[in-house]
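Undergrad: Structure file protein.json (JSON, C-alpha atoms) right here:
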[["chain", "number", "residue", "atom", "x", "y", "z"],
["A", 1, "ALA", "CA", 260.81, 133.54, 27.99],
["A", 2, "LEU", "CA", 261.50, 132.41, 24.41],
["A", 3, "SER", "CA", 259.17, 133.68, 21.69],
["A", 4, "VAL", "CA", 258.92, 132.55, 18.07],
["A", 5, "GLN", "CA", 256.90, 134.36, 15.39],
["A", 6, "PRO", "CA", 256.49, 133.24, 11.75],
["A", 7, "SER", "CA", 257.47, 136.04, 9.38],
["A", 8, "ASP", "CA", 254.07, 136.10, 7.66],
["A", 9, "SER", "CA", 251.88, 135.85, 10.76],
["A", 10, "THR", "CA", 250.76, 137.86, 13.77],
["A", 11, "ILE", "CA", 250.77, 134.67, 15.90],
["A", 12, "HIS", "CA", 253.50, 134.21, 18.51],
["A", 13, "TYR", "CA", 254.53, 130.92, 20.12],
["A", 14, "GLY", "CA", 256.60, 131.07, 23.26],
["A", 15, "PHE", "CA", 258.04, 129.06, 26.13],
["A", 16, "ARG", "CA", 257.93, 130.66, 29.55],
["A", 17, "ILE", "CA", 258.20, 129.75, 33.21],
["A", 18, "ASP", "CA", 254.98, 130.30, 35.16],
["A", 19, "SER", "CA", 256.25, 131.71, 38.44],
["A", 20, "SER", "CA", 253.03, 130.87, 40.30],
["A", 21, "THR", "CA", 253.30, 127.12, 39.56],
["A", 22, "ASN", "CA", 256.97, 126.81, 38.50],
["A", 23, "SER", "CA", 255.72, 125.06, 35.37],
["A", 24, "LEU", "CA", 257.15, 125.32, 31.87],
["A", 25, "ASN", "CA", 254.43, 126.49, 29.46],
["A", 26, "LEU", "CA", 254.10, 126.63, 25.70],
["A", 27, "ASP", "CA", 251.81, 129.55, 24.86],
["A", 28, "ARG", "CA", 250.19, 130.87, 21.72],
["A", 29, "ALA", "CA", 249.48, 134.59, 21.38],
["A", 30, "ASP", "CA", 247.41, 136.16, 18.63],
["A", 31, "SER", "CA", 246.70, 139.91, 18.66],
["A", 32, "GLY", "CA", 247.32, 140.06, 22.38],
["A", 33, "ASN", "CA", 245.18, 137.00, 23.28],
["A", 34, "GLU", "CA", 247.42, 134.47, 25.00],
["A", 35, "VAL", "CA", 246.44, 130.80, 25.24],
["A", 36, "LYS", "CA", 248.35, 128.08, 27.09],
["A", 37, "LEU", "CA", 248.81, 125.06, 24.81],
["A", 38, "LEU", "CA", 251.07, 122.84, 26.92],
["A", 39, "SER", "CA", 252.36, 122.83, 30.48],
["A", 40, "VAL", "CA", 255.00, 120.70, 32.24],
["A", 41, "ASP", "CA", 254.98, 120.94, 36.04],
["A", 42, "THR", "CA", 257.78, 120.17, 38.47],
["A", 43, "ASN", "CA", 256.55, 116.58, 38.90],
["A", 44, "GLY", "CA", 256.72, 115.89, 35.18],
["A", 45, "GLU", "CA", 252.97, 116.05, 34.58],
["A", 46, "VAL", "CA", 252.22, 117.29, 31.07],
["A", 47, "THR", "CA", 248.92, 119.06, 30.34],
["A", 48, "MET", "CA", 247.75, 119.91, 26.82],
["A", 49, "THR", "CA", 244.93, 122.44, 26.62],
["A", 50, "ARG", "CA", 242.54, 123.58, 23.93],
["A", 51, "ALA", "CA", 239.33, 125.57, 24.18],
["A", 52, "ASP", "CA", 237.19, 123.57, 21.75],
["A", 53, "ASN", "CA", 236.23, 119.90, 21.24],
["A", 54, "GLY", "CA", 238.99, 119.06, 18.78],
["A", 55, "VAL", "CA", 241.73, 116.48, 19.14],
["A", 56, "ASN", "CA", 244.42, 117.18, 21.75],
["A", 57, "LEU", "CA", 246.91, 114.55, 20.66],
["A", 58, "THR", "CA", 247.42, 112.75, 17.35],
["A", 59, "LEU", "CA", 249.95, 109.98, 16.86],
["A", 60, "GLU", "CA", 250.70, 109.58, 13.16],
["A", 61, "CYS", "CA", 252.53, 106.76, 11.41],
["A", 62, "THR", "CA", 253.56, 106.93, 7.74],
["A", 63, "ASP", "CA", 254.99, 103.39, 7.48],
["A", 64, "THR", "CA", 253.37, 101.45, 4.63],
["A", 65, "ASP", "CA", 254.01, 97.89, 5.83],
["A", 66, "ALA", "CA", 251.41, 95.61, 7.47],
["A", 67, "ASN", "CA", 252.76, 95.98, 10.99],
["A", 68, "ALA", "CA", 251.00, 97.98, 13.70],
["A", 69, "GLY", "CA", 251.46, 101.73, 13.84],
["A", 70, "PRO", "CA", 251.12, 104.22, 15.37],
["A", 71, "ASN", "CA", 251.58, 102.78, 18.85],
["A", 72, "LEU", "CA", 250.93, 104.14, 22.33],
["A", 73, "LYS", "CA", 252.91, 102.46, 25.10],
["A", 74, "LEU", "CA", 252.48, 102.83, 28.87],
["A", 75, "ASN", "CA", 255.73, 101.50, 30.31],
["A", 76, "ARG", "CA", 256.41, 100.92, 33.99],
["A", 77, "ALA", "CA", 260.16, 100.43, 33.73],
["A", 78, "VAL", "CA", 260.92, 98.71, 37.04],
["A", 79, "THR", "CA", 261.07, 95.10, 38.19],
["A", 80, "GLY", "CA", 257.47, 94.01, 38.69],
["A", 81, "ALA", "CA", 255.59, 91.93, 41.23],
["A", 82, "SER", "CA", 252.26, 90.14, 41.08],
["A", 83, "ASP", "CA", 249.25, 92.46, 41.48],
["A", 84, "ASP", "CA", 251.26, 95.59, 40.63],
["A", 85, "GLU", "CA", 249.07, 98.25, 39.01],
["A", 86, "ILE", "CA", 251.14, 99.29, 35.99],
["A", 87, "GLY", "CA", 249.05, 101.99, 34.33],
["A", 88, "ASN", "CA", 245.70, 103.74, 34.09],
["A", 89, "VAL", "CA", 243.63, 105.50, 31.47],
["A", 90, "ILE", "CA", 241.41, 107.91, 33.42],
["A", 91, "PHE", "CA", 238.25, 109.67, 32.22],
["A", 92, "HIS", "CA", 237.93, 112.70, 34.48],
["A", 93, "GLY", "CA", 235.23, 115.35, 34.68],
["A", 94, "ARG", "CA", 233.43, 117.60, 37.15],
["A", 95, "ASP", "CA", 230.06, 117.14, 38.81],
["A", 96, "ASN", "CA", 227.37, 119.83, 39.00],
["A", 97, "ALA", "CA", 229.06, 121.28, 42.10],
["A", 98, "GLY", "CA", 232.38, 121.64, 40.30],
["A", 99, "ASN", "CA", 234.07, 118.72, 42.08],
["A", 100, "GLY", "CA", 236.49, 116.64, 40.04],
["A", 101, "GLU", "CA", 235.58, 112.96, 39.62],
["A", 102, "ASP", "CA", 237.09, 109.98, 37.79],
["A", 103, "TYR", "CA", 233.97, 108.77, 35.96],
["A", 104, "GLY", "CA", 235.68, 105.92, 34.14],
["A", 105, "LEU", "CA", 239.03, 104.14, 34.39],
["A", 106, "ILE", "CA", 240.90, 101.36, 32.60],
["A", 107, "ALA", "CA", 243.51, 99.89, 34.94],
["A", 108, "GLY", "CA", 246.35, 97.58, 33.90],
["A", 109, "PHE", "CA", 247.83, 95.05, 36.34],
["A", 110, "ILE", "CA", 250.49, 92.39, 36.51],
["A", 111, "SER", "CA", 248.38, 89.44, 37.56],
["A", 112, "ASP", "CA", 251.35, 87.05, 37.74],
["A", 113, "ALA", "CA", 254.91, 88.35, 37.45],
["A", 114, "THR", "CA", 256.55, 84.88, 37.38],
["A", 115, "ASN", "CA", 259.17, 84.81, 34.61],
["A", 116, "GLY", "CA", 258.00, 82.56, 31.77],
["A", 117, "SER", "CA", 254.35, 82.37, 32.88],
["A", 118, "GLU", "CA", 253.40, 86.04, 33.17],
["A", 119, "ASP", "CA", 249.72, 87.04, 33.22],
["A", 120, "GLY", "CA", 248.18, 90.47, 32.79],
["A", 121, "ARG", "CA", 244.84, 91.90, 33.85],
["A", 122, "LEU", "CA", 242.66, 94.78, 32.69],
["A", 123, "ASN", "CA", 239.99, 96.24, 34.98],
["A", 124, "PHE", "CA", 237.29, 98.47, 33.51],
["A", 125, "LYS", "CA", 235.93, 100.68, 36.27],
["A", 126, "VAL", "CA", 232.88, 102.99, 36.21],
["A", 127, "LEU", "CA", 231.73, 105.46, 38.85],
["A", 128, "MET", "CA", 228.44, 104.23, 40.37],
["A", 129, "ASN", "CA", 226.66, 106.25, 43.06],
["A", 130, "GLY", "CA", 229.92, 108.03, 43.88],
["A", 131, "THR", "CA", 232.07, 104.87, 44.13],
["A", 132, "SER", "CA", 234.33, 103.38, 41.47],
["A", 133, "ARG", "CA", 233.18, 99.83, 40.65],
["A", 134, "ASP", "CA", 234.74, 97.02, 38.62],
["A", 135, "TYR", "CA", 232.26, 96.45, 35.78],
["A", 136, "LEU", "CA", 234.51, 94.19, 33.68],
["A", 137, "ILE", "CA", 237.75, 92.32, 34.40],
["A", 138, "LEU", "CA", 239.83, 90.58, 31.72],
["A", 139, "ASN", "CA", 242.24, 88.26, 33.56],
["A", 140, "GLY", "CA", 245.11, 86.67, 31.69],
["A", 141, "GLY", "CA", 244.97, 83.92, 34.31],
["A", 142, "GLY", "CA", 241.92, 82.55, 32.49],
["A", 143, "SER", "CA", 238.73, 84.42, 33.40],
["A", 144, "VAL", "CA", 236.40, 87.20, 32.27],
["A", 145, "VAL", "CA", 234.42, 88.65, 35.17],
["A", 146, "VAL", "CA", 231.40, 90.94, 34.91],
["A", 147, "ASN", "CA", 230.25, 92.89, 38.00],
["A", 148, "GLN", "CA", 233.09, 91.81, 40.31],
["A", 149, "ASP", "CA", 231.86, 94.17, 43.06],
["A", 150, "ALA", "CA", 228.44, 92.43, 43.23],
["A", 151, "GLN", "CA", 226.43, 95.58, 42.49],
["A", 152, "ASP", "CA", 222.93, 95.86, 41.02],
["A", 153, "VAL", "CA", 224.33, 95.90, 37.47],
["A", 154, "ASP", "CA", 222.33, 93.97, 34.89],
["A", 155, "PHE", "CA", 224.06, 92.30, 31.93],
["A", 156, "ARG", "CA", 222.29, 92.37, 28.57],
["A", 157, "VAL", "CA", 223.18, 91.02, 25.13],
["A", 158, "GLU", "CA", 221.20, 92.18, 22.10],
["A", 159, "GLY", "CA", 220.54, 90.14, 18.99],
["A", 160, "ASP", "CA", 219.70, 91.33, 15.49],
["A", 161, "SER", "CA", 216.02, 91.68, 16.32],
["A", 162, "GLU", "CA", 215.81, 90.75, 20.03],
["A", 163, "ALA", "CA", 216.78, 93.44, 22.55],
["A", 164, "ASN", "CA", 217.08, 90.92, 25.41],
["A", 165, "LEU", "CA", 218.65, 87.90, 23.74],
["A", 166, "LEU", "CA", 220.43, 87.26, 27.06],
["A", 167, "PHE", "CA", 219.56, 89.17, 30.22],
["A", 168, "VAL", "CA", 221.18, 88.66, 33.63],
["A", 169, "ASP", "CA", 219.15, 90.40, 36.34],
["A", 170, "ALA", "CA", 221.59, 91.29, 39.11],
["A", 171, "SER", "CA", 218.92, 92.31, 41.61],
["A", 172, "THR", "CA", 217.14, 88.92, 41.48],
["A", 173, "ASP", "CA", 220.12, 86.68, 40.51],
["A", 174, "ARG", "CA", 218.12, 85.34, 37.56],
["A", 175, "VAL", "CA", 218.82, 84.81, 33.87],
["A", 176, "GLY", "CA", 216.37, 85.54, 31.09],
["A", 177, "ILE", "CA", 216.50, 84.52, 27.44],
["A", 178, "SER", "CA", 214.44, 86.90, 25.28],
["A", 179, "ASN", "CA", 213.18, 88.16, 28.62],
["A", 180, "ASN", "CA", 214.25, 91.20, 30.68],
["A", 181, "ASP", "CA", 212.11, 90.27, 33.69],
["A", 182, "PRO", "CA", 212.96, 86.63, 34.49],
["A", 183, "GLN", "CA", 210.70, 84.99, 37.07],
["A", 184, "ALA", "CA", 212.92, 81.96, 37.76],
["A", 185, "LEU", "CA", 216.63, 81.12, 37.88],
["A", 186, "LEU", "CA", 216.35, 80.57, 34.11],
["A", 187, "ASP", "CA", 213.35, 82.00, 32.27],
["A", 188, "ILE", "CA", 212.96, 81.53, 28.50],
["A", 189, "LYS", "CA", 210.28, 83.59, 26.81],
["A", 190, "GLY", "CA", 208.77, 82.77, 23.44],
["A", 191, "ASP", "CA", 205.69, 83.17, 21.27],
["A", 192, "THR", "CA", 203.85, 79.95, 20.29],
["A", 193, "GLN", "CA", 202.21, 81.73, 17.37],
["A", 194, "PHE", "CA", 205.22, 80.70, 15.26],
["A", 195, "PHE", "CA", 207.55, 77.75, 15.47],
["A", 196, "ALA", "CA", 210.66, 79.94, 15.18],
["A", 197, "THR", "CA", 209.66, 82.07, 18.18],
["A", 198, "MET", "CA", 208.29, 79.46, 20.58],
["A", 199, "ALA", "CA", 210.19, 78.92, 23.84],
["A", 200, "LYS", "CA", 212.15, 75.71, 23.39],
["A", 201, "ILE", "CA", 215.41, 73.99, 24.27],
["A", 202, "TYR", "CA", 217.26, 71.78, 21.80],
["A", 203, "LEU", "CA", 219.46, 68.89, 22.95],
["A", 204, "THR", "CA", 221.64, 68.25, 19.90],
["A", 205, "ASP", "CA", 223.78, 65.11, 19.54],
["A", 206, "SER", "CA", 227.08, 65.53, 17.66],
["A", 207, "ASN", "CA", 227.83, 61.78, 17.60],
["A", 208, "THR", "CA", 228.31, 60.24, 14.15],
["A", 209, "ASN", "CA", 226.30, 57.11, 14.94],
["A", 210, "ALA", "CA", 223.35, 56.75, 12.56],
["A", 211, "ASN", "CA", 221.01, 56.06, 15.51],
["A", 212, "SER", "CA", 221.76, 59.36, 17.25],
["A", 213, "ARG", "CA", 218.82, 61.75, 17.53],
["A", 214, "ASN", "CA", 218.17, 65.35, 18.52],
["A", 215, "TRP", "CA", 215.56, 66.21, 21.16],
["A", 216, "CYS", "CA", 213.49, 69.27, 21.98],
["A", 217, "LEU", "CA", 211.64, 70.50, 25.05],
["A", 218, "GLY", "CA", 209.17, 73.21, 24.11],
["A", 219, "ASN", "CA", 206.27, 75.36, 25.21],
["A", 220, "GLY", "CA", 204.10, 74.79, 22.15],
["A", 221, "GLY", "CA", 205.09, 72.76, 19.13],
["A", 222, "SER", "CA", 201.87, 70.73, 19.11],
["A", 223, "ALA", "CA", 199.29, 73.36, 20.13],
["A", 224, "PHE", "CA", 199.00, 76.58, 22.10],
["A", 225, "GLY", "CA", 199.86, 75.99, 25.76],
["A", 226, "ASN", "CA", 201.10, 72.42, 25.31],
["A", 227, "PHE", "CA", 204.35, 71.13, 26.75],
["A", 228, "THR", "CA", 205.96, 69.05, 24.03],
["A", 229, "ILE", "CA", 208.92, 66.68, 23.90],
["A", 230, "GLY", "CA", 210.05, 66.19, 20.32],
["A", 231, "CYS", "CA", 212.57, 63.84, 18.70],
["A", 232, "SER", "CA", 214.11, 64.09, 15.24],
["A", 233, "ASN", "CA", 213.25, 61.35, 12.75],
["A", 234, "SER", "CA", 216.89, 60.90, 11.81],
["A", 235, "LYS", "CA", 220.43, 61.80, 12.75],
["A", 236, "ASP", "CA", 221.04, 65.57, 12.50],
["A", 237, "GLY", "CA", 217.32, 66.17, 12.00],
["A", 238, "ASP", "CA", 215.31, 69.00, 13.50],
["A", 239, "PRO", "CA", 213.48, 67.70, 16.62],
["A", 240, "GLN", "CA", 210.55, 70.08, 16.29],
["A", 241, "ALA", "CA", 210.26, 71.41, 12.72],
["A", 242, "SER", "CA", 207.33, 70.23, 10.60],
["A", 243, "GLY", "CA", 207.92, 66.90, 8.88],
["A", 244, "THR", "CA", 211.25, 66.15, 10.51],
["A", 245, "HIS", "CA", 210.22, 64.89, 13.94],
["A", 246, "PHE", "CA", 207.70, 63.07, 16.12],
["A", 247, "ASN", "CA", 206.38, 63.88, 19.60],
["A", 248, "PRO", "CA", 206.85, 61.03, 22.09],
["A", 249, "LEU", "CA", 205.17, 63.05, 24.87],
["A", 250, "ILE", "CA", 202.69, 65.92, 25.01],
["A", 251, "ILE", "CA", 201.07, 67.46, 28.09],
["A", 252, "THR", "CA", 198.16, 69.63, 26.99],
["A", 253, "ASN", "CA", 197.08, 72.89, 28.55],
["A", 254, "THR", "CA", 194.21, 71.03, 30.23],
["A", 255, "GLY", "CA", 196.52, 68.46, 31.85],
["A", 256, "THR", "CA", 195.99, 65.57, 29.43],
["A", 257, "VAL", "CA", 199.12, 63.45, 28.97],
["A", 258, "VAL", "CA", 199.58, 62.01, 25.49],
["A", 259, "PHE", "CA", 202.16, 59.34, 24.66],
["A", 260, "ASN", "CA", 203.06, 58.33, 21.10],
["A", 261, "GLU", "CA", 200.80, 60.91, 19.44],
["A", 262, "GLU", "CA", 201.63, 59.66, 15.93],
["A", 263, "SER", "CA", 200.74, 56.03, 16.86],
["A", 264, "ARG", "CA", 204.19, 54.81, 15.88],
["A", 265, "ALA", "CA", 204.55, 51.03, 15.96],
["A", 266, "ALA", "CA", 207.72, 51.24, 18.03],
["A", 267, "GLY", "CA", 206.26, 53.72, 20.49],
["A", 268, "ASP", "CA", 205.60, 51.39, 23.38],
["A", 269, "PHE", "CA", 205.00, 52.62, 26.95],
["A", 270, "ARG", "CA", 206.72, 50.63, 29.67],
["A", 271, "VAL", "CA", 206.92, 50.94, 33.46],
["A", 272, "GLU", "CA", 209.50, 48.82, 35.30],
["A", 273, "SER", "CA", 209.55, 47.73, 38.93],
["A", 274, "ASP", "CA", 212.55, 46.66, 40.94]]
Can I see the file as structure tokens?
TA:
Amino acid sequence: ALSVQPSDSTIHYGFRIDSSTNSLNLDRADSGNEVKLLSVDTNGEVTMTRADNGVNLTLECTDTDANAGPNLKLNRAVTGASDDEIGNVIFHGRDNAGNGEDYGLIAGFISDATNGSEDGRLNFKVLMNGTSRDYLILNGGGSVVVNQDAQDVDFRVEGDSEANLLFVDASTDRVGISNNDPQALLDIKGDTQFFATMAKIYLTDSNTNANSRNWCLGNGGSAFGNFTIGCSNSKDGDPQASGTHFNPLIITNTGTVVFNEESRAAGDFRVESD
């Protein structure tokens, strides 16, 4: 064993060989209390230990330029092949029976090892009901995949004031907008009390022609419970906002069908035969 003690301290630091594991340990001793700080086993595995919730490892860079630093590099220094798994970041803990489990994992892969057209892949795995599942895959080959393992994992995007701006219900294979319980393949929920919150779809034309128009399909827009098709009065106009549109078609909540509500001169109704 090799022991080092600062001249003004009762603390000892020492390297020793642990005969029970054949590992090389760095220990800290203070008033007879010995703590293992670092251990290197015969396979090269390094373990750093501390008894509180502080930081185990800090990488510090003092360079003042604009380039990246500090850097952490996982390097698999052998000739690679497609689909090689080249590194993992593992989040390990114990269950309530004391069994060790990998609760989360970030896995790096070589998706395509072809020289000149290499692709990488990152898999984000989470333990679900005792099995590690791919929750998110970032594929350098050109795809982002959520829920690759086809589990009952919902996908939700929050907005500034809407908790379910986009909701994908895995159990029903349905998509909701402002709706966490979609009842159809696509279910848009809104409130017809206000124009801004009514359920509507805009079909916006980016063409520069002066005759281009924007259209709207909406639940509301003309009255509570009405289905309304709106058209902007001009190019780039709002197809449903007050004063900027007209409604070529309205179906009321009692089933009445109204064409050309504003009695526009050009609003003819025509049915063609063969």
Undergrad: Just the residues within 9 Å of Ile137 in chain A, please, counting only C-alpha atoms, with nothing from its chain fewer than 5 positions along; format it as a count of residues only.
TA: 11
Undergrad: For range 122-209 of chain A against range 86-107 of chain A, with a cut-off of 12 Å and counting all atoms listed in the file, what is the closest atom pair and its distance in Å to one decimal for every residue that makes the cut, ordered by chain and number, as CSV?
TA:
residue,atom,partner,partner_atom,distance
A:Leu122,CA,A:Ala107,CA,5.6
A:Asn123,CA,A:Ala107,CA,5.1
A:Phe124,CA,A:Ile106,CA,4.7
A:Lys125,CA,A:Leu105,CA,5.0
A:Val126,CA,A:Gly104,CA,4.6
A:Leu127,CA,A:Tyr103,CA,4.9
A:Met128,CA,A:Tyr103,CA,8.4
A:Asn129,CA,A:Tyr103,CA,10.5
A:Gly130,CA,A:Glu101,CA,8.6
A:Thr131,CA,A:Tyr103,CA,9.3
A:Ser132,CA,A:Tyr103,CA,7.7
A:Arg133,CA,A:Gly104,CA,9.3
A:Asp134,CA,A:Leu105,CA,9.3
A:Tyr135,CA,A:Gly104,CA,10.2
A:Leu136,CA,A:Ile106,CA,9.7
A:Ile137,CA,A:Ala107,CA,9.5
A:Leu138,CA,A:Ala107,CA,10.5
A:Asn139,CA,A:Ala107,CA,11.8
Undergrad: Residues at most 10 Å from range 49-62 of chain A, counting only C-alpha atoms, excluding those fewer than 6 positions away in the same chain, as a ChimeraX atom specification?
TA: /A:35-39,68-72
Undergrad: Can you write out the residues you just picked, keeping C-alpha atoms, as an mmCIF file, keeping the file's coordinate frame?
TA:
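Below you can see out.cif, which holds the result:
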data_model
loop_
_atom_site.group_PDB
_atom_site.id
_atom_site.type_symbol
_atom_site.label_atom_id
_atom_site.label_comp_id
_atom_site.auth_asym_id
_atom_site.auth_seq_id
_atom_site.Cartn_x
_atom_site.Cartn_y
_atom_site.Cartn_z
ATOM 1 C CA VAL A 35 246.440 130.800 25.240
ATOM 2 C CA LYS A 36 248.350 128.080 27.090
ATOM 3 C CA LEU A 37 248.810 125.060 24.810
ATOM 4 C CA LEU A 38 251.070 122.840 26.920
ATOM 5 C CA SER A 39 252.360 122.830 30.480
ATOM 6 C CA ALA A 68 251.000 97.980 13.700
ATOM 7 C CA GLY A 69 251.460 101.730 13.840
ATOM 8 C CA PRO A 70 251.120 104.220 15.370
ATOM 9 C CA ASN A 71 251.580 102.780 18.850
ATOM 10 C CA LEU A 72 250.930 104.140 22.330
#
Undergrad: Quick one: residues within 12 Å of Ser20 in chain A, all atoms listed in the file, excluding same-chain residues fewer than 5 positions away - as a list in words?
TA: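 Surrounding residues, per the criterion: Asn25, Asp41 and Thr42 of chain A.
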Undergrad: For Ile177 in chain A, find every residue with an atom within 12 Å (counting only C-alpha atoms), except residues of its own chain fewer than 4 positions away, and show them as a list of chain:residue names.
TA: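 So the residues in contact are A:Phe155, A:Arg156, A:Val157, A:Glu158, A:Gly159, A:Glu162, A:Ala163, A:Asn164, A:Leu165, A:Leu166, A:Phe167, A:Val168, A:Asp169, A:Asp181, A:Pro182, A:Gln183, A:Ala184, A:Leu185, A:Leu186, A:Asp187, A:Ile188, A:Lys189, A:Gly190, A:Thr197, A:Met198, A:Ala199, A:Lys200, A:Ile201.
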Undergrad: Hey, can you check how far CA of Thr228 in chain A sits from CA of Thr252 in chain A?
TA: 8.4 Å
Undergrad: What gap, in Å, lies between CA of Leu249 in chain A and CA of Ile229 in chain A?
TA: 5.3 Å
Undergrad: What does the distance from CA of Trp215 in chain A to CA of Leu203 in chain A come to in Å, to one decimal?
TA: 5.1 Å
Undergrad: Using all atoms listed in the file, find all polymer residues with an atom at most 12 Å away from the point (224.0, 60.3, 13.6); report them as a JSON list (two decimals) with C-alpha atoms, in the frame of the given file.
TA:
[["chain", "number", "residue", "atom", "x", "y", "z"],
["A", 204, "THR", "CA", 221.64, 68.25, 19.90],
["A", 205, "ASP", "CA", 223.78, 65.11, 19.54],
["A", 206, "SER", "CA", 227.08, 65.53, 17.66],
["A", 207, "ASN", "CA", 227.83, 61.78, 17.60],
["A", 208, "THR", "CA", 228.31, 60.24, 14.15],
["A", 209, "ASN", "CA", 226.30, 57.11, 14.94],
["A", 210, "ALA", "CA", 223.35, 56.75, 12.56],
["A", 211, "ASN", "CA", 221.01, 56.06, 15.51],
["A", 212, "SER", "CA", 221.76, 59.36, 17.25],
["A", 213, "ARG", "CA", 218.82, 61.75, 17.53],
["A", 214, "ASN", "CA", 218.17, 65.35, 18.52],
["A", 232, "SER", "CA", 214.11, 64.09, 15.24],
["A", 233, "ASN", "CA", 213.25, 61.35, 12.75],
["A", 234, "SER", "CA", 216.89, 60.90, 11.81],
["A", 235, "LYS", "CA", 220.43, 61.80, 12.75],
["A", 236, "ASP", "CA", 221.04, 65.57, 12.50],
["A", 237, "GLY", "CA", 217.32, 66.17, 12.00]]
Undergrad: Which is closer to Asn253 in chain A than all the others in A:Gly225, A:Pro239, A:Gly230, A:Gly108, using all atoms listed in the file?
TA: A:Gly225
Undergrad: Since the input lacks atoms, please generate all heavy atoms for range 256-261 of chain A and provide them as a CSV table (one decimal), keeping the file's coordinate frame.
TA:
chain,number,residue,atom,x,y,z
A,256,THR,N,196.0,66.9,30.1
A,256,THR,CA,196.0,65.6,29.4
A,256,THR,C,197.4,65.2,29.0
A,256,THR,O,198.1,66.0,28.4
A,256,THR,CB,195.1,65.6,28.2
A,256,THR,OG1,193.8,65.9,28.6
A,256,THR,CG2,195.1,64.2,27.5
A,257,VAL,N,197.8,63.9,29.3
A,257,VAL,CA,199.1,63.4,29.0
A,257,VAL,C,199.0,62.5,27.8
A,257,VAL,O,198.2,61.5,27.8
A,257,VAL,CB,199.8,62.7,30.2
A,257,VAL,CG1,201.1,62.2,29.7
A,257,VAL,CG2,199.9,63.6,31.4
A,258,VAL,N,199.7,62.8,26.7
A,258,VAL,CA,199.6,62.0,25.5
A,258,VAL,C,200.9,61.4,25.2
A,258,VAL,O,201.9,62.1,25.1
A,258,VAL,CB,199.1,62.9,24.3
A,258,VAL,CG1,199.0,62.0,23.0
A,258,VAL,CG2,197.9,63.6,24.6
A,259,PHE,N,201.0,60.0,25.1
A,259,PHE,CA,202.2,59.3,24.7
A,259,PHE,C,202.0,58.9,23.2
A,259,PHE,O,200.9,58.4,22.8
A,259,PHE,CB,202.4,58.1,25.6
A,259,PHE,CG,202.8,58.5,27.0
A,259,PHE,CD1,201.8,58.5,28.0
A,259,PHE,CD2,204.1,58.8,27.3
A,259,PHE,CE1,202.1,58.8,29.3
A,259,PHE,CE2,204.4,59.1,28.6
A,259,PHE,CZ,203.4,59.1,29.6
A,260,ASN,N,203.1,58.9,22.4
A,260,ASN,CA,203.1,58.3,21.1
A,260,ASN,C,201.9,58.9,20.3
A,260,ASN,O,201.1,58.2,19.7
A,260,ASN,CB,203.0,56.8,21.2
A,260,ASN,CG,203.3,56.1,19.9
A,260,ASN,OD1,203.9,56.7,19.0
A,260,ASN,ND2,202.7,54.9,19.7
A,261,GLU,N,201.9,60.2,20.1
A,261,GLU,CA,200.8,60.9,19.4
A,261,GLU,C,200.6,60.4,18.0
A,261,GLU,O,199.5,60.3,17.5
A,261,GLU,CB,201.1,62.4,19.4
A,261,GLU,CG,200.0,63.2,18.7
A,261,GLU,CD,200.5,64.6,18.4
A,261,GLU,OE1,201.7,64.8,18.2
A,261,GLU,OE2,199.6,65.5,18.4
